[in-house]
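Structure record follows, encoded as structure tokens.
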Amino acid sequence: MPSGFRIEVKGDLTENALRVLQKRILARERHGSVAETPDDMFRRVARSVSEADLQHGTPADAAAAEEAFFEIMAGLEFLPNSPTLMNAGRNLAQLSACFVLPVEDSMEGIFDTLRDTALIQKSGGGTGFSFSRLRPKEDTIESTHGVSSGPVSFMRLYNYATEVTKLGGKRAGANMAILRVDHPDIEEFIAAKTNPLELNTFNISVAVTDEFMKKVDAGVAYDLINPRTREVAGQLDAREVLNRIVESAWRNGEPGVIFIDRINRDNPTPELGEIESTNPCGEQPLLPYESCVLGSINLAKFHREGAVDYDRLKKVVKLAVHFLDNIIDVSEYPIPAIANITKLNRKIGLGVMGWADLLILLSVPYDSEEAIRLGEEVMSVISREAMNASVEMAEQRGPFPRWFQESMYMKDGHQQAGSLRSQGLRSLARRNATVTTVAPTGTISLIANCSSGIEPVYSIVHRRISFESERMKFVHPLFESYARKHGFYSEDLMKRVAEKGSLHELREVPGEARRVFVTTHEIAPEWHVRMQAAFQNHIDAAVSKTINFPASATVEDVKRAYLLAHELGCKGITVYRDGSREKQVLSTELEDMTEPLTLASAGHAEMERPENQLLAKNICPECGASLRHNGGCLYCDCGYSVCVQT
């Protein structure tokens, strides 16, 4: 057996999970030593979150909630986002993962938001912005008789500030930058991350409108609108702009796209304004100053005798909604405006992880019609039970305050309006404006030892670092179990799988096993998009997922995925072509730079830090393995992550 090879550690918490917990989550003494066990941490979180029950019930109710919350976390059936695990019951009680802040078209507004961003990221949250309100480059500034430097220049400013403001004091923060496709600076924005060493704290996405997609279909030009004057500032060919988006995404995975009009059709409180942006990984559209707390159900824990254990799943969904709603009341908020609108709308985001693992346990290939059908079924059950739980909580605690103030659920013509009025508003009012989402689960899926979000299995073999800092190869534990169950297990086979990292050339592995254990890069992009759409059909907010492409994929392949995502009703799309980022960095290093890497020379040294150089090359700074991509989240099996929310 080769040096460094071993089978995955068994038990509820693997060695790698313990390492992640010790490094990222568990409380520490002042001198730095770990001060709690995982059970202590789960108890701390359960006790803190259950305190909200004291506002609506008795001490006995709070005690019962604490025990139930502890059970589903310690059993790894459900985990909240990382800020909750880190901060609940501690001095820094900021428990939300994601925030959206407005960027107003004034120097005062820009720097006010920059200050708020620093406060949020200091507390452990990620931030999303739309820069679409900013006047374009070279536009007039009447107060100084000068000209504007444009949205991209201020993105560089925010990027540098984020670099030097460590997230929660531990790691660099994460941002989302969005620009409308009809902004005059859209071409500069699309090309903003051509240099992969620039804007490294940002994911970027273009807000694509229905009108733009109609112009793409027609093959004609569309208008660019100056946001300061609301006047037409020029035209661009719609198909050429889409091609530029696609070509850039083919090169290095960015920009992504969000379908902004589709998002706003599902805006539950349109009277408060239009949604302009999302959180850093794109799954949570939010109004300015809104925050959202996220949590995910580990679907791998709900397999019973060849089927999905829907009875237990429904119980955990109800508890998870209760848990997430409580967080809104016990959390501290970085600025008063966030506390105000968060409590007005009470948005939560209950999602899933371990989806690929559940499919394996059911012997269902990820890229199959059966998997798509099952995805629709499972998410439909979760969505229905989550909504029922929110309705029940509204009956006990009252609906979210905006419910009776002209929310979309009260408007004539909404698909639910008739049934709501006929059955009584109070009985069907919900506690939360949104209930479901699918987030990337970089950190919490490592803790739960399950597949991330709704992504396929990344690889049959992973390289991780043990407590002794020894690099080791791990065979996927479900593959070992499957091989034993189906009679083809051997130590020699496990060794060969670990050496090759693939099942393709191993004739002793049955064809059915190779189908069930299909990995991310073996799945055609169309199946990735279809799976995202299947879950989106039953989600209030949106779905964070990466549409993976092999290195050999063409620009046209990527374009087809963008168009399919729009056709199937997705609210956005993020793509990544295998190896593209690494190749782009190599190309950049070999060529003479014609543009600065950052806002100014002060930022150049920051970009030359070894960690940022490795991130740009898609390499984990801590163990040297390739980073995984999940909807804009980057993370590694060793526990390293630049995914702030999960």
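All residue names refer to the structure tokens as shown: chains lettered A, B, ... in order, residues numbered from 1 in each chain, ligands numbered from 1 in order.
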I'd like the contact shell of A:Asp53 - 12 Å cut-off, only C-alpha atoms, skipping same-chain residues fewer than 2 positions apart - returned as a tab-separated table (two decimals) with N, CA, C and O atoms, in the first residue's frame.
```
chain	number	residue	atom	x	y	z
A	46	ALA	N	-27.05	25.61	20.20
A	46	ALA	CA	-28.45	25.24	20.47
A	46	ALA	C	-29.03	26.07	21.61
A	46	ALA	O	-30.17	26.56	21.53
A	47	ARG	N	-28.24	26.25	22.66
A	47	ARG	CA	-28.74	27.02	23.82
A	47	ARG	C	-28.96	28.48	23.44
A	47	ARG	O	-29.99	29.08	23.79
A	48	SER	N	-28.03	29.06	22.71
A	48	SER	CA	-28.16	30.46	22.32
A	48	SER	C	-29.36	30.69	21.40
A	48	SER	O	-30.15	31.61	21.61
A	49	VAL	N	-29.50	29.84	20.38
A	49	VAL	CA	-30.58	30.02	19.41
A	49	VAL	C	-31.94	29.77	20.05
A	49	VAL	O	-32.93	30.43	19.72
A	50	SER	N	-32.02	28.82	20.99
A	50	SER	CA	-33.30	28.50	21.63
A	50	SER	C	-33.79	29.62	22.55
A	50	SER	O	-34.96	29.64	22.94
A	51	GLU	N	-32.92	30.57	22.91
A	51	GLU	CA	-33.34	31.66	23.78
A	51	GLU	C	-34.46	32.50	23.16
A	51	GLU	O	-35.22	33.15	23.88
A	55	GLN	N	-39.15	34.45	24.18
A	55	GLN	CA	-39.96	35.60	23.79
A	55	GLN	C	-41.39	35.21	23.43
A	55	GLN	O	-42.29	36.05	23.42
A	56	HIS	N	-41.60	33.93	23.13
A	56	HIS	CA	-42.89	33.49	22.62
A	56	HIS	C	-43.51	32.36	23.43
A	56	HIS	O	-44.63	31.93	23.14
A	57	GLY	N	-42.78	31.85	24.42
A	57	GLY	CA	-43.29	30.72	25.19
A	57	GLY	C	-42.70	30.69	26.58
A	57	GLY	O	-42.31	31.72	27.15
A	58	THR	N	-42.57	29.50	27.10
A	58	THR	CA	-42.12	29.30	28.48
A	58	THR	C	-40.68	28.80	28.49
A	58	THR	O	-40.14	28.36	27.46
A	59	PRO	N	-40.03	28.81	29.67
A	59	PRO	CA	-38.69	28.20	29.77
A	59	PRO	C	-38.68	26.74	29.34
A	59	PRO	O	-37.67	26.27	28.78
A	60	ALA	N	-39.78	26.03	29.59
A	60	ALA	CA	-39.86	24.63	29.15
A	60	ALA	C	-39.83	24.54	27.63
A	60	ALA	O	-39.22	23.61	27.06
A	61	ASP	N	-40.48	25.49	26.94
A	61	ASP	CA	-40.45	25.51	25.48
A	61	ASP	C	-39.02	25.73	24.97
A	61	ASP	O	-38.58	25.09	24.02
A	62	ALA	N	-38.32	26.66	25.61
A	62	ALA	CA	-36.94	26.94	25.21
A	62	ALA	C	-36.04	25.74	25.46
A	62	ALA	O	-35.17	25.42	24.63
A	63	ALA	N	-36.25	25.05	26.58
A	63	ALA	CA	-35.44	23.86	26.88
A	63	ALA	C	-35.68	22.76	25.86
A	63	ALA	O	-34.74	22.07	25.42
A	64	ALA	N	-36.95	22.58	25.47
A	64	ALA	CA	-37.28	21.56	24.47
A	64	ALA	C	-36.66	21.91	23.12
A	64	ALA	O	-36.14	21.03	22.40
A	65	ALA	N	-36.70	23.19	22.76
A	65	ALA	CA	-36.10	23.62	21.51
A	65	ALA	C	-34.59	23.40	21.53
A	65	ALA	O	-34.00	22.94	20.54
A	66	GLU	N	-33.95	23.70	22.65
A	66	GLU	CA	-32.51	23.49	22.77
A	66	GLU	C	-32.15	22.03	22.50
A	66	GLU	O	-31.21	21.74	21.75
A	322	HIS	N	-37.73	26.59	12.34
A	322	HIS	CA	-37.81	27.13	13.70
A	322	HIS	C	-36.44	27.70	14.10
A	322	HIS	O	-36.33	28.83	14.61
A	323	PHE	N	-35.40	26.94	13.88
A	323	PHE	CA	-34.03	27.32	14.22
A	323	PHE	C	-33.65	28.62	13.51
A	323	PHE	O	-33.16	29.58	14.13
A	325	ASP	N	-35.52	30.89	12.01
A	325	ASP	CA	-36.32	32.04	12.42
A	325	ASP	C	-35.85	32.58	13.76
A	325	ASP	O	-35.80	33.80	13.97
A	326	ASN	N	-35.50	31.70	14.68
A	326	ASN	CA	-34.98	32.14	15.98
A	326	ASN	C	-33.72	32.99	15.83
A	326	ASN	O	-33.50	33.93	16.59
A	327	ILE	N	-32.88	32.61	14.87
A	327	ILE	CA	-31.61	33.32	14.72
A	327	ILE	C	-31.84	34.81	14.47
A	327	ILE	O	-31.08	35.66	14.97
A	328	ILE	N	-32.88	35.14	13.73
A	328	ILE	CA	-33.17	36.55	13.45
A	328	ILE	C	-33.34	37.33	14.74
A	328	ILE	O	-32.92	38.49	14.84
A	329	ASP	N	-33.91	36.70	15.76
A	329	ASP	CA	-34.17	37.40	17.02
A	329	ASP	C	-32.98	37.42	17.97
A	329	ASP	O	-32.85	38.35	18.77
A	330	VAL	N	-32.11	36.43	17.91
A	330	VAL	CA	-30.99	36.40	18.85
A	330	VAL	C	-29.71	36.98	18.26
A	330	VAL	O	-28.75	37.22	18.98
A	393	MET	N	-45.60	29.00	12.38
A	393	MET	CA	-44.93	29.95	13.25
A	393	MET	C	-45.60	31.32	13.20
A	393	MET	O	-45.64	32.05	14.20
A	396	GLN	N	-48.37	31.35	15.59
A	396	GLN	CA	-47.93	31.41	16.98
A	396	GLN	C	-47.27	32.74	17.32
A	396	GLN	O	-47.47	33.28	18.42
A	397	ARG	N	-46.48	33.27	16.39
A	397	ARG	CA	-45.64	34.44	16.69
A	397	ARG	C	-46.00	35.68	15.89
A	397	ARG	O	-45.47	36.76	16.15
```
Q.
List the spatial neighbours of A:Ser552 as a ChimeraX atom specification - criterion: any atom at most 10 Å away, only C-alpha atoms, same-chain residues fewer than 4 positions off excluded.
A. /A:557,577-580
**Q.** Distance query A:Val529 at most 9 Å, only C-alpha atoms, self and fewer than 5 positions along chain excluded, as a PyMOL selection string
**A.** chain A and resi 534+545-547+561-562+564-565+568+570+573
Q: Using only C-alpha atoms, determine which residues lie at most 12 Å from stretch 153-155 of chain A, disregarding the query and same-chain residues fewer than 2 positions distant; provide the list as a PyMOL selection string.
A: chain A and resi 103-107+109-111+113-114+128-132+134-138+148-151+157-162+175-179+185+188-189+192-193+198-204+596-600
Please produce, as a Markdown table, a per-residue contact table for stretch 447-552 of chain A versus stretch 284-302 of chain A (criterion: any atom at most 9 Å away, only C-alpha atoms considered), showing the nearest atom pair and its distance in Å to one decimal, sorted by chain then residue number.
```
| residue | atom | partner | partner_atom | distance |
| --- | --- | --- | --- | --- |
| A:Ala448 | CA | A:Asn298 | CA | 7.5 |
| A:Cys450 | CA | A:Ala300 | CA | 7.0 |
| A:Ser451 | CA | A:Ala300 | CA | 8.5 |
| A:Gly453 | CA | A:Ser296 | CA | 8.1 |
| A:Ala541 | CA | A:Gln284 | CA | 5.7 |
| A:Ala542 | CA | A:Gln284 | CA | 6.0 |
| A:Val543 | CA | A:Gln284 | CA | 8.0 |
| A:Ser544 | CA | A:Gln284 | CA | 8.6 |
```
Q) Of the residues A:Pro83, A:Pro196, A:Gly253, A:Gly282, which is the one nearest to A:Gly125, using only C-alpha atoms? A) A:Pro83
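For the pair atom CA of A:Ala433 and atom CA of A:Tyr333, the separation is 18.8 Å.
Distance check against A:Thr14 using only C-alpha atoms: of A:Gln536, A:Pro525, A:Ser445, A:Gly219, the minimum falls on A:Ser445.
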Q: Would you list, as a ChimeraX atom specification, the residues of stretch 150-363 of chain A that end up in helix (DSSP H, G or I) under DSSP run on this structure's backbone?
A: /A:151-164,186-190,210-218,238-252,260-265,270-272,299-302,310-330,336-345,355-361
Q.
Can you pull out the residues contacting A:Lys559? Cut-off 9 Å, using only C-alpha atoms, and skip same-chain residues under 4 positions away; I want them as a list in words.
A. Leu242, Asn243, Ile245, Val246, Glu247, Trp250, Thr554, Val555, Leu563 and Leu564 of chain A
Q) So, counting only C-alpha atoms, which residue among A:Thr117, A:Asn449, A:Thr165, A:Ser383 is closest to A:Ile335? A) A:Thr117
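Using only C-alpha atoms for every distance, the candidate list A:Ala513, A:Val461, A:Ser490, A:Leu506 yields A:Ala513 as the residue closest to A:Leu361.
For the set A:Val378, A:Ala93, A:Ala249, A:Leu224, the residue with the smallest atom-to-atom gap to A:Asn537 is A:Val378, counting only C-alpha atoms.
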Q. Skipping near chain neighbours, those fewer than 3 positions away, what residues fall within 9 Å of stretch 26-36 of chain A using only C-alpha atoms, listed as an NGL selection string?
A. :A and (21-23 or 39-41 or 85-87 or 90)
Write a file of the selected residues as a JSON list (two decimals), in the first residue's frame, keeping N, CA, C and O atoms.
```json
[["chain", "number", "residue", "atom", "x", "y", "z"],
["A", 21, "LEU", "N", -13.21, 22.04, 12.31],
["A", 21, "LEU", "CA", -13.82, 22.62, 13.50],
["A", 21, "LEU", "C", -12.77, 23.32, 14.38],
["A", 21, "LEU", "O", -12.99, 24.43, 14.86],
["A", 22, "GLN", "N", -11.65, 22.64, 14.60],
["A", 22, "GLN", "CA", -10.62, 23.24, 15.44],
["A", 22, "GLN", "C", -10.04, 24.50, 14.82],
["A", 22, "GLN", "O", -9.74, 25.47, 15.51],
["A", 23, "LYS", "N", -9.91, 24.49, 13.53],
["A", 23, "LYS", "CA", -9.28, 25.62, 12.86],
["A", 23, "LYS", "C", -10.22, 26.80, 12.69],
["A", 23, "LYS", "O", -9.82, 27.96, 12.82],
["A", 39, "ASP", "N", -19.23, 18.72, 20.67],
["A", 39, "ASP", "CA", -20.51, 18.67, 21.39],
["A", 39, "ASP", "C", -20.73, 19.94, 22.20],
["A", 39, "ASP", "O", -21.87, 20.44, 22.28],
["A", 40, "ASP", "N", -19.67, 20.47, 22.78],
["A", 40, "ASP", "CA", -19.79, 21.75, 23.49],
["A", 40, "ASP", "C", -20.25, 22.84, 22.54],
["A", 40, "ASP", "O", -21.09, 23.68, 22.88],
["A", 41, "MET", "N", -19.68, 22.86, 21.34],
["A", 41, "MET", "CA", -20.04, 23.87, 20.35],
["A", 41, "MET", "C", -21.50, 23.74, 19.94],
["A", 41, "MET", "O", -22.24, 24.73, 19.91],
["A", 85, "LEU", "N", -22.35, 29.00, 13.74],
["A", 85, "LEU", "CA", -21.55, 28.04, 14.51],
["A", 85, "LEU", "C", -20.41, 28.75, 15.24],
["A", 85, "LEU", "O", -20.07, 28.40, 16.37],
["A", 86, "MET", "N", -19.84, 29.75, 14.62],
["A", 86, "MET", "CA", -18.71, 30.45, 15.24],
["A", 86, "MET", "C", -19.14, 31.40, 16.34],
["A", 86, "MET", "O", -18.48, 31.49, 17.38],
["A", 87, "ASN", "N", -20.24, 32.12, 16.13],
["A", 87, "ASN", "CA", -20.53, 33.28, 16.97],
["A", 87, "ASN", "C", -21.69, 33.14, 17.94],
["A", 87, "ASN", "O", -21.82, 33.96, 18.85],
["A", 90, "ARG", "N", -21.57, 33.71, 21.93],
["A", 90, "ARG", "CA", -20.28, 34.34, 22.22],
["A", 90, "ARG", "C", -20.43, 35.86, 22.11],
["A", 90, "ARG", "O", -21.49, 36.36, 21.73]]
```
Q.
At a cut-off of 12 Å, using only C-alpha atoms, what residues contact A:Arg431? Leave out same-chain residues fewer than 5 positions from it and give the result as a PyMOL selection string.
A. chain A and resi 321-322+324-326+328+343-348+386-404+426
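DSSP secondary structure from the backbone places Arg463, Arg464, Ile465, Arg471, Met472, Lys473, Phe474, Val475, Thr519, Val543, Thr546, Ile547, Asn548 and Phe549 of chain A of stretch 463-559 of chain A in strand (DSSP E or B).
Checking A:Arg180, A:Arg24, A:His504, A:His538 one by one against A:Asp210, counting only C-alpha atoms, you find the shortest gap at A:Arg180.
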